[in-house]
$ cat run-v7.cif   # mmCIF, C-alpha atoms
data_entry
#
loop_
_atom_site.label_atom_id
_atom_site.label_comp_id
_atom_site.auth_asym_id
_atom_site.auth_seq_id
_atom_site.Cartn_x
_atom_site.Cartn_y
_atom_site.Cartn_z
CA MET A 1 34.60 1.82 111.04
CA PHE A 2 35.60 2.64 107.48
CA GLU A 3 38.62 4.76 106.61
CA ALA A 4 40.38 5.14 103.27
CA ARG A 5 43.31 7.46 102.64
CA LEU A 6 44.44 8.43 99.16
CA VAL A 7 47.64 10.45 98.82
CA GLN A 8 46.86 11.11 95.15
CA GLY A 9 43.52 12.65 96.04
CA SER A 10 43.02 14.00 92.52
CA ILE A 11 42.01 10.46 91.44
CA LEU A 12 38.89 10.68 93.62
CA LYS A 13 38.07 14.13 92.25
CA LYS A 14 38.31 12.76 88.69
CA VAL A 15 36.13 9.75 89.56
CA LEU A 16 33.34 12.04 90.79
CA GLU A 17 33.64 14.23 87.69
CA ALA A 18 33.22 11.07 85.58
CA LEU A 19 30.02 10.09 87.40
CA LYS A 20 28.14 13.25 88.35
CA ASP A 21 26.66 14.16 84.95
CA LEU A 22 25.30 10.66 84.41
CA ILE A 23 23.90 9.80 87.84
CA THR A 24 22.69 11.97 90.71
CA GLU A 25 22.89 9.46 93.54
CA ALA A 26 24.38 6.03 94.07
CA CYS A 27 25.06 3.43 96.68
CA TRP A 28 28.76 3.05 97.45
CA ASP A 29 29.39 -0.51 98.59
CA VAL A 30 32.35 -0.56 100.93
CA SER A 31 33.98 -3.83 101.96
CA SER A 32 37.41 -5.10 102.99
CA SER A 33 38.26 -5.58 99.30
CA GLY A 34 37.51 -1.98 98.32
CA ILE A 35 34.81 0.40 97.16
CA SER A 36 32.37 -0.39 94.37
CA LEU A 37 29.36 1.29 92.86
CA GLN A 38 26.81 0.30 90.28
CA SER A 39 24.04 2.56 89.07
CA MET A 40 21.79 3.22 86.10
CA ASP A 41 21.15 6.70 84.79
CA SER A 42 17.67 8.13 85.30
CA SER A 43 16.46 7.14 81.82
CA HIS A 44 17.74 3.55 82.22
CA VAL A 45 19.75 3.69 79.01
CA SER A 46 23.20 3.29 80.51
CA LEU A 47 24.77 1.68 83.53
CA VAL A 48 27.99 2.67 85.24
CA GLN A 49 30.13 0.35 87.35
CA LEU A 50 33.07 1.56 89.42
CA THR A 51 35.66 -0.49 91.28
CA LEU A 52 38.37 0.97 93.54
CA ARG A 53 40.43 -1.84 95.08
CA HIS A 54 41.59 -1.53 98.68
CA ASP A 55 45.27 -1.96 97.72
CA GLY A 56 45.10 1.15 95.53
CA PHE A 57 44.61 3.30 98.64
CA ASP A 58 47.58 4.29 100.79
CA SER A 59 45.78 3.03 103.87
CA TYR A 60 42.43 1.29 103.99
CA ARG A 61 40.33 -0.06 106.81
CA CYS A 62 36.83 -1.50 106.71
CA ASP A 63 35.64 -3.42 109.76
CA ARG A 64 32.29 -4.37 108.31
CA ASN A 65 30.54 -3.97 104.96
CA LEU A 66 28.75 -0.67 104.47
CA ALA A 67 26.27 0.52 101.86
CA MET A 68 26.56 4.31 101.77
CA GLY A 69 23.88 6.25 99.90
CA VAL A 70 25.80 9.12 98.35
CA ASN A 71 24.48 12.19 96.60
CA LEU A 72 26.82 12.81 93.66
CA SER A 73 26.87 16.48 94.60
CA MET A 74 29.75 15.12 96.67
CA SER A 75 31.75 16.42 93.69
CA LYS A 76 31.08 19.95 94.99
CA ILE A 77 32.81 19.10 98.27
CA LEU A 78 35.71 17.46 96.42
CA LYS A 79 36.16 20.65 94.40
CA CYS A 80 37.27 22.19 97.71
CA ALA A 81 40.27 19.86 97.67
CA GLY A 82 43.37 20.88 95.75
CA ASN A 83 44.77 18.51 93.13
CA GLU A 84 47.80 17.83 95.33
CA ASP A 85 45.76 17.17 98.48
CA ILE A 86 45.68 13.92 100.39
CA ILE A 87 42.04 12.84 100.76
CA THR A 88 40.70 10.66 103.56
CA LEU A 89 37.17 9.23 103.64
CA ARG A 90 35.82 8.12 107.00
CA ALA A 91 32.53 6.71 108.29
CA GLU A 92 31.42 4.93 111.44
CA ASP A 93 29.71 1.56 111.02
CA SER A 94 26.16 2.82 111.33
CA ALA A 95 26.82 6.43 110.45
CA ASP A 96 24.48 8.68 108.52
CA THR A 97 27.36 10.94 107.48
CA LEU A 98 30.60 10.55 105.57
CA ALA A 99 33.61 12.58 106.69
CA LEU A 100 36.01 13.92 104.05
CA VAL A 101 39.39 15.24 105.17
CA PHE A 102 41.72 17.14 102.82
CA GLU A 103 45.36 17.68 103.81
CA THR A 104 47.83 19.85 101.94
CA ILE A 105 51.61 19.49 101.98
CA GLN A 106 51.67 22.76 103.95
CA GLU A 107 49.77 20.98 106.73
CA LYS A 108 46.48 22.74 106.14
CA VAL A 109 43.65 20.37 107.05
CA SER A 110 40.04 20.88 105.90
CA ASP A 111 37.30 18.56 107.01
CA TYR A 112 33.79 18.25 105.64
CA GLU A 113 30.90 16.09 106.66
CA MET A 114 28.38 14.95 104.09
CA LYS A 115 24.93 13.58 104.88
CA LEU A 116 24.34 10.09 103.55
CA MET A 117 21.07 9.07 101.90
CA ASP A 118 18.79 6.12 102.44
CA LEU A 119 18.79 4.46 99.03
CA ASP A 120 16.91 1.36 98.04
CA VAL A 121 19.08 -0.09 95.30
CA GLU A 122 18.87 -3.36 93.47
CA GLN A 123 22.06 -4.78 92.02
CA LEU A 124 21.85 -5.79 88.41
CA GLY A 125 23.77 -8.83 87.29
CA ILE A 126 25.92 -7.97 84.30
CA PRO A 127 26.46 -11.19 82.36
CA GLU A 128 29.92 -12.09 81.10
CA GLN A 129 30.00 -11.21 77.43
CA GLU A 130 31.69 -12.52 74.34
CA TYR A 131 32.44 -9.36 72.41
CA SER A 132 32.43 -9.22 68.62
CA CYS A 133 35.12 -6.56 68.64
CA VAL A 134 37.40 -4.98 71.24
CA VAL A 135 39.12 -1.70 70.36
CA LYS A 136 41.76 -0.13 72.59
CA MET A 137 42.68 3.44 71.72
CA PRO A 138 43.94 6.70 73.26
CA SER A 139 41.19 8.10 75.49
CA GLY A 140 41.83 11.68 74.36
CA GLU A 141 41.31 10.63 70.73
CA PHE A 142 38.00 8.94 71.56
CA ALA A 143 36.82 12.03 73.47
CA ARG A 144 37.75 14.26 70.55
CA ILE A 145 35.95 12.08 67.99
CA CYS A 146 32.77 12.05 70.11
CA ARG A 147 32.96 15.81 70.60
CA ASP A 148 33.64 16.52 66.91
CA LEU A 149 30.89 14.26 65.58
CA SER A 150 28.41 15.82 68.04
CA GLN A 151 28.65 18.93 65.84
CA ILE A 152 27.21 16.89 62.95
CA GLY A 153 24.58 14.60 64.45
CA ASP A 154 23.18 13.21 67.68
CA ALA A 155 24.14 9.59 67.04
CA VAL A 156 27.31 7.86 65.92
CA MET A 157 27.68 4.61 64.04
CA ILE A 158 30.78 2.71 65.12
CA SER A 159 31.87 0.13 62.54
CA CYS A 160 34.64 -2.23 63.46
CA ALA A 161 36.58 -4.42 61.05
CA LYS A 162 39.98 -6.11 61.16
CA ASP A 163 41.89 -3.20 59.66
CA GLY A 164 40.30 -0.35 61.55
CA VAL A 165 37.38 1.28 63.29
CA LYS A 166 35.14 3.92 61.74
CA PHE A 167 33.00 6.52 63.51
CA SER A 168 30.24 8.06 61.35
CA ALA A 169 27.59 10.68 62.05
CA SER A 170 25.02 12.38 59.87
CA GLY A 171 22.62 15.23 60.40
CA GLU A 172 20.96 18.17 58.66
CA LEU A 173 24.34 19.79 58.19
CA GLY A 174 25.84 16.81 56.39
CA THR A 175 27.93 13.79 57.31
CA GLY A 176 31.21 13.14 59.06
CA ASN A 177 33.45 10.09 59.22
CA VAL A 178 36.57 9.40 61.24
CA LYS A 179 38.52 6.23 60.52
CA LEU A 180 41.31 4.91 62.73
CA SER A 181 43.55 2.16 61.43
CA GLN A 182 45.17 -0.40 63.66
CA THR A 183 48.66 0.85 64.52
CA SER A 184 51.53 -1.60 64.68
CA ASN A 185 54.70 0.38 65.32
CA VAL A 186 53.87 2.97 67.96
CA ASP A 187 56.62 3.65 70.51
CA LYS A 188 54.20 4.40 73.31
CA GLU A 189 51.64 1.73 74.10
CA ASP A 190 49.04 4.25 75.24
CA GLU A 191 49.09 5.93 71.80
CA ALA A 192 48.31 2.73 69.91
CA VAL A 193 45.05 1.63 68.34
CA THR A 194 44.60 -2.13 68.71
CA ILE A 195 41.67 -4.21 67.49
CA GLU A 196 40.73 -7.73 68.48
CA MET A 197 37.96 -8.93 66.22
CA ASN A 198 35.86 -12.08 66.27
CA GLU A 199 33.41 -10.73 63.72
CA PRO A 200 32.76 -7.33 62.12
CA VAL A 201 30.26 -5.24 64.07
CA GLN A 202 28.30 -2.05 63.43
CA LEU A 203 26.45 -0.31 66.26
CA ILE A 204 24.72 3.05 66.68
CA PHE A 205 25.02 5.05 69.91
CA ALA A 206 23.59 8.29 71.23
CA LEU A 207 26.48 10.76 71.25
CA ASN A 208 25.26 12.63 74.32
CA TYR A 209 25.87 9.47 76.37
CA LEU A 210 29.30 8.85 74.89
CA ASN A 211 30.18 12.44 75.74
CA PHE A 212 29.12 11.77 79.35
CA PHE A 213 31.38 8.71 79.37
CA THR A 214 34.38 10.66 78.08
CA LYS A 215 34.28 12.72 81.28
CA ALA A 216 36.42 9.81 82.58
CA THR A 217 39.22 10.66 80.12
CA PRO A 218 41.48 12.29 82.78
CA LEU A 219 41.56 8.96 84.66
CA SER A 220 43.24 6.96 81.93
CA LYS A 221 45.37 7.48 78.82
CA THR A 222 43.56 4.66 77.04
CA VAL A 223 39.97 3.56 76.62
CA THR A 224 38.64 0.15 75.65
CA LEU A 225 35.48 -0.17 73.53
CA SER A 226 34.08 -3.69 73.77
CA MET A 227 31.33 -4.07 71.22
CA SER A 228 28.53 -6.58 71.00
CA ALA A 229 24.91 -6.27 69.99
CA ASP A 230 23.74 -6.90 73.57
CA ILE A 231 25.77 -4.97 76.12
CA PRO A 232 28.48 -2.79 74.61
CA LEU A 233 30.99 -1.45 77.09
CA VAL A 234 33.31 1.55 77.39
CA GLU A 235 36.03 1.01 79.98
CA TYR A 236 38.62 3.29 81.55
CA LYS A 237 41.27 1.82 83.83
CA ILE A 238 42.06 3.78 86.99
CA ALA A 239 45.82 3.73 87.67
CA ASP A 240 46.67 0.61 89.66
CA MET A 241 43.43 0.65 91.62
CA GLY A 242 40.46 -0.30 89.50
CA HIS A 243 38.25 0.75 86.62
CA ILE A 244 35.16 2.60 85.59
CA LYS A 245 32.91 0.78 83.11
CA TYR A 246 29.98 2.24 81.21
CA TYR A 247 27.42 -0.01 79.55
CA LEU A 248 25.12 1.52 76.96
CA ALA A 249 22.14 0.09 75.12
CA PRO A 250 22.74 0.60 71.38
CA LYS A 251 20.15 2.57 69.42
CA ILE A 252 18.03 0.59 66.99
CA ASP A 253 18.69 1.60 63.40
CA GLU A 254 15.19 2.60 62.26
CA GLU A 255 16.13 2.48 58.58
CA SER A 256 17.23 -1.15 58.61
CA SER A 257 14.33 -2.45 60.69
#

$ encode --input "run-v7.cif" --output "structure tokens"
Amino acid sequence: MFEARLVQGSILKKVLEALKDLITEACWDVSSSGISLQSMDSSHVSLVQLTLRHDGFDSYRCDRNLAMGVNLSMSKILKCAGNEDIITLRAEDSADTLALVFETIQEKVSDYEMKLMDLDVEQLGIPEQEYSCVVKMPSGEFARICRDLSQIGDAVMISCAKDGVKFSASGELGTGNVKLSQTSNVDKEDEAVTIEMNEPVQLIFALNYLNFFTKATPLSKTVTLSMSADIPLVEYKIADMGHIKYYLAPKIDEESS
């Protein structure tokens, strides 16, 4: 039997919002250590990896490991839960359904049952990376930059150097650049821009994917961009219980090749 109860149910709602536009179905691996998910989008350009640790839930029980094939339309069911609701997920060991129970403070209880899918999923090994540059910045700022530059072009060049990080886009309309400098004296840590650089790096990404990734903004006040030529990574921490990581293949710069 698997049962996980989350008093701050809105976290689960936000997690599904962060996934549903990128992937349509995924295998949720449930074990005694928590819930994890790894899935590629349909065009195999990006990969998302989610971890929710067992100790982040208010109560958590998993008698044996389960692989639950979940349709991400699960977000529609979670929309039925209020932001203040307590959410409980429950499944029997060999169940073909997942039960979702929403409780309000006023003692209203709603329960839904969702059919699980039979998914044949292969796990991809994500190698440990040495990143050329790691930028930590406010997640709202990153979302805004991606949204703004989408008005100009469909790709963004992110250039990282010791003193700052630059986002550039160009299109038929013209060009746009946003430069953020490393901040040293910010009172609030989650408003700071910090850069750890091993070597300068310049990568080009499709903005539509970055805009999918920024759907995770409500989960975390900060976002970490870890940049390397091989497997760049955008990571959002989930308050005291895990993370959501997006890996994206960089676009090849046709002009320089």

$ residues_near_point --input "run-v7.cif" --point "(26.9, 5.7, 94.2)" --cutoff "7 Å" --atoms "only C-alpha atoms" --output "CSV table (one decimal) with C-alpha atoms, in the coordinates of the input"
chain,number,residue,atom,x,y,z
A,25,GLU,CA,22.9,9.5,93.5
A,26,ALA,CA,24.4,6.0,94.1
A,27,CYS,CA,25.1,3.4,96.7
A,28,TRP,CA,28.8,3.0,97.4
A,37,LEU,CA,29.4,1.3,92.9
A,38,GLN,CA,26.8,0.3,90.3
A,39,SER,CA,24.0,2.6,89.1
A,69,GLY,CA,23.9,6.2,99.9
A,70,VAL,CA,25.8,9.1,98.4

$ closest_residue --input "run-v7.cif" --among "A:Glu141, A:Glu122, A:Glu17, A:Asp63" --to "Ala192 in chain A" --atoms "only C-alpha atoms"
A:Glu141

$ closest_residue --input "run-v7.cif" --among "A:Gly82, A:Gly153, A:Gly125, A:Gly242" --to "Ser220 in chain A" --atoms "only C-alpha atoms"
A:Gly242

$ closest_residue --input "run-v7.cif" --among "A:Ala229, A:Glu235, A:Lys13, A:His243" --to "Gln129 in chain A" --atoms "all atoms listed in the file"
A:Ala229

$ resolve_selection --input "run-v7.cif" --expression "the PyMOL selection byres ((chain A and resi 1) around 9)" --output "PDB file with C-alpha atoms, keeping the file's coordinate frame"
ATOM      1  CA  PHE A   2      35.600   2.640 107.480  1.00  0.00           C
ATOM      2  CA  GLU A   3      38.620   4.760 106.610  1.00  0.00           C
ATOM      3  CA  ARG A  61      40.330  -0.060 106.810  1.00  0.00           C
ATOM      4  CA  CYS A  62      36.830  -1.500 106.710  1.00  0.00           C
ATOM      5  CA  ASP A  63      35.640  -3.420 109.760  1.00  0.00           C
ATOM      6  CA  ARG A  64      32.290  -4.370 108.310  1.00  0.00           C
ATOM      7  CA  ARG A  90      35.820   8.120 107.000  1.00  0.00           C
ATOM      8  CA  ALA A  91      32.530   6.710 108.290  1.00  0.00           C
ATOM      9  CA  GLU A  92      31.420   4.930 111.440  1.00  0.00           C
ATOM     10  CA  ASP A  93      29.710   1.560 111.020  1.00  0.00           C
ATOM     11  CA  SER A  94      26.160   2.820 111.330  1.00  0.00           C
TER      12      SER A  94
END

$ resolve_selection --input "run-v7.cif" --expression "the PyMOL selection byres ((chain A and resi 96) around 8)" --output "list in words"
Ser94, Ala95, Thr97, Leu98, Lys115, Leu116 and Met117 of chain A

$ atom_distance --input "run-v7.cif" --atom1 "CA of Ser10 in chain A" --atom2 "CA of Pro232 in chain A"
28.5 Å

$ closest_residue --input "run-v7.cif" --among "A:Pro250, A:Gly56, A:Pro138, A:Gly34" --to "Leu207 in chain A" --atoms "only C-alpha atoms"
A:Pro250

$ residues_around --input "run-v7.cif" --residues "range 174-191 of chain A" --least-positions-apart "2" --cutoff "12 Å" --atoms "all atoms listed in the file" --output "PyMOL selection string"
chain A and resi 134-142+144-172+193-197+220-224+237

$ write_last_selection --input "run-v7.cif" --atoms "C-alpha atoms" --output "PDB file, in the frame of the given file"
ATOM      1  CA  VAL A 134      37.400  -4.980  71.240  1.00  0.00           C
ATOM      2  CA  VAL A 135      39.120  -1.700  70.360  1.00  0.00           C
ATOM      3  CA  LYS A 136      41.760  -0.130  72.590  1.00  0.00           C
ATOM      4  CA  MET A 137      42.680   3.440  71.720  1.00  0.00           C
ATOM      5  CA  PRO A 138      43.940   6.700  73.260  1.00  0.00           C
ATOM      6  CA  SER A 139      41.190   8.100  75.490  1.00  0.00           C
ATOM      7  CA  GLY A 140      41.830  11.680  74.360  1.00  0.00           C
ATOM      8  CA  GLU A 141      41.310  10.630  70.730  1.00  0.00           C
ATOM      9  CA  PHE A 142      38.000   8.940  71.560  1.00  0.00           C
ATOM     10  CA  ARG A 144      37.750  14.260  70.550  1.00  0.00           C
ATOM     11  CA  ILE A 145      35.950  12.080  67.990  1.00  0.00           C
ATOM     12  CA  CYS A 146      32.770  12.050  70.110  1.00  0.00           C
ATOM     13  CA  ARG A 147      32.960  15.810  70.600  1.00  0.00           C
ATOM     14  CA  ASP A 148      33.640  16.520  66.910  1.00  0.00           C
ATOM     15  CA  LEU A 149      30.890  14.260  65.580  1.00  0.00           C
ATOM     16  CA  SER A 150      28.410  15.820  68.040  1.00  0.00           C
ATOM     17  CA  GLN A 151      28.650  18.930  65.840  1.00  0.00           C
ATOM     18  CA  ILE A 152      27.210  16.890  62.950  1.00  0.00           C
ATOM     19  CA  GLY A 153      24.580  14.600  64.450  1.00  0.00           C
ATOM     20  CA  ASP A 154      23.180  13.210  67.680  1.00  0.00           C
ATOM     21  CA  ALA A 155      24.140   9.590  67.040  1.00  0.00           C
ATOM     22  CA  VAL A 156      27.310   7.860  65.920  1.00  0.00           C
ATOM     23  CA  MET A 157      27.680   4.610  64.040  1.00  0.00           C
ATOM     24  CA  ILE A 158      30.780   2.710  65.120  1.00  0.00           C
ATOM     25  CA  SER A 159      31.870   0.130  62.540  1.00  0.00           C
ATOM     26  CA  CYS A 160      34.640  -2.230  63.460  1.00  0.00           C
ATOM     27  CA  ALA A 161      36.580  -4.420  61.050  1.00  0.00           C
ATOM     28  CA  LYS A 162      39.980  -6.110  61.160  1.00  0.00           C
ATOM     29  CA  ASP A 163      41.890  -3.200  59.660  1.00  0.00           C
ATOM     30  CA  GLY A 164      40.300  -0.350  61.550  1.00  0.00           C
ATOM     31  CA  VAL A 165      37.380   1.280  63.290  1.00  0.00           C
ATOM     32  CA  LYS A 166      35.140   3.920  61.740  1.00  0.00           C
ATOM     33  CA  PHE A 167      33.000   6.520  63.510  1.00  0.00           C
ATOM     34  CA  SER A 168      30.240   8.060  61.350  1.00  0.00           C
ATOM     35  CA  ALA A 169      27.590  10.680  62.050  1.00  0.00           C
ATOM     36  CA  SER A 170      25.020  12.380  59.870  1.00  0.00           C
ATOM     37  CA  GLY A 171      22.620  15.230  60.400  1.00  0.00           C
ATOM     38  CA  GLU A 172      20.960  18.170  58.660  1.00  0.00           C
ATOM     39  CA  VAL A 193      45.050   1.630  68.340  1.00  0.00           C
ATOM     40  CA  THR A 194      44.600  -2.130  68.710  1.00  0.00           C
ATOM     41  CA  ILE A 195      41.670  -4.210  67.490  1.00  0.00           C
ATOM     42  CA  GLU A 196      40.730  -7.730  68.480  1.00  0.00           C
ATOM     43  CA  MET A 197      37.960  -8.930  66.220  1.00  0.00           C
ATOM     44  CA  SER A 220      43.240   6.960  81.930  1.00  0.00           C
ATOM     45  CA  LYS A 221      45.370   7.480  78.820  1.00  0.00           C
ATOM     46  CA  THR A 222      43.560   4.660  77.040  1.00  0.00           C
ATOM     47  CA  VAL A 223      39.970   3.560  76.620  1.00  0.00           C
ATOM     48  CA  THR A 224      38.640   0.150  75.650  1.00  0.00           C
ATOM     49  CA  LYS A 237      41.270   1.820  83.830  1.00  0.00           C
TER      50      LYS A 237
END
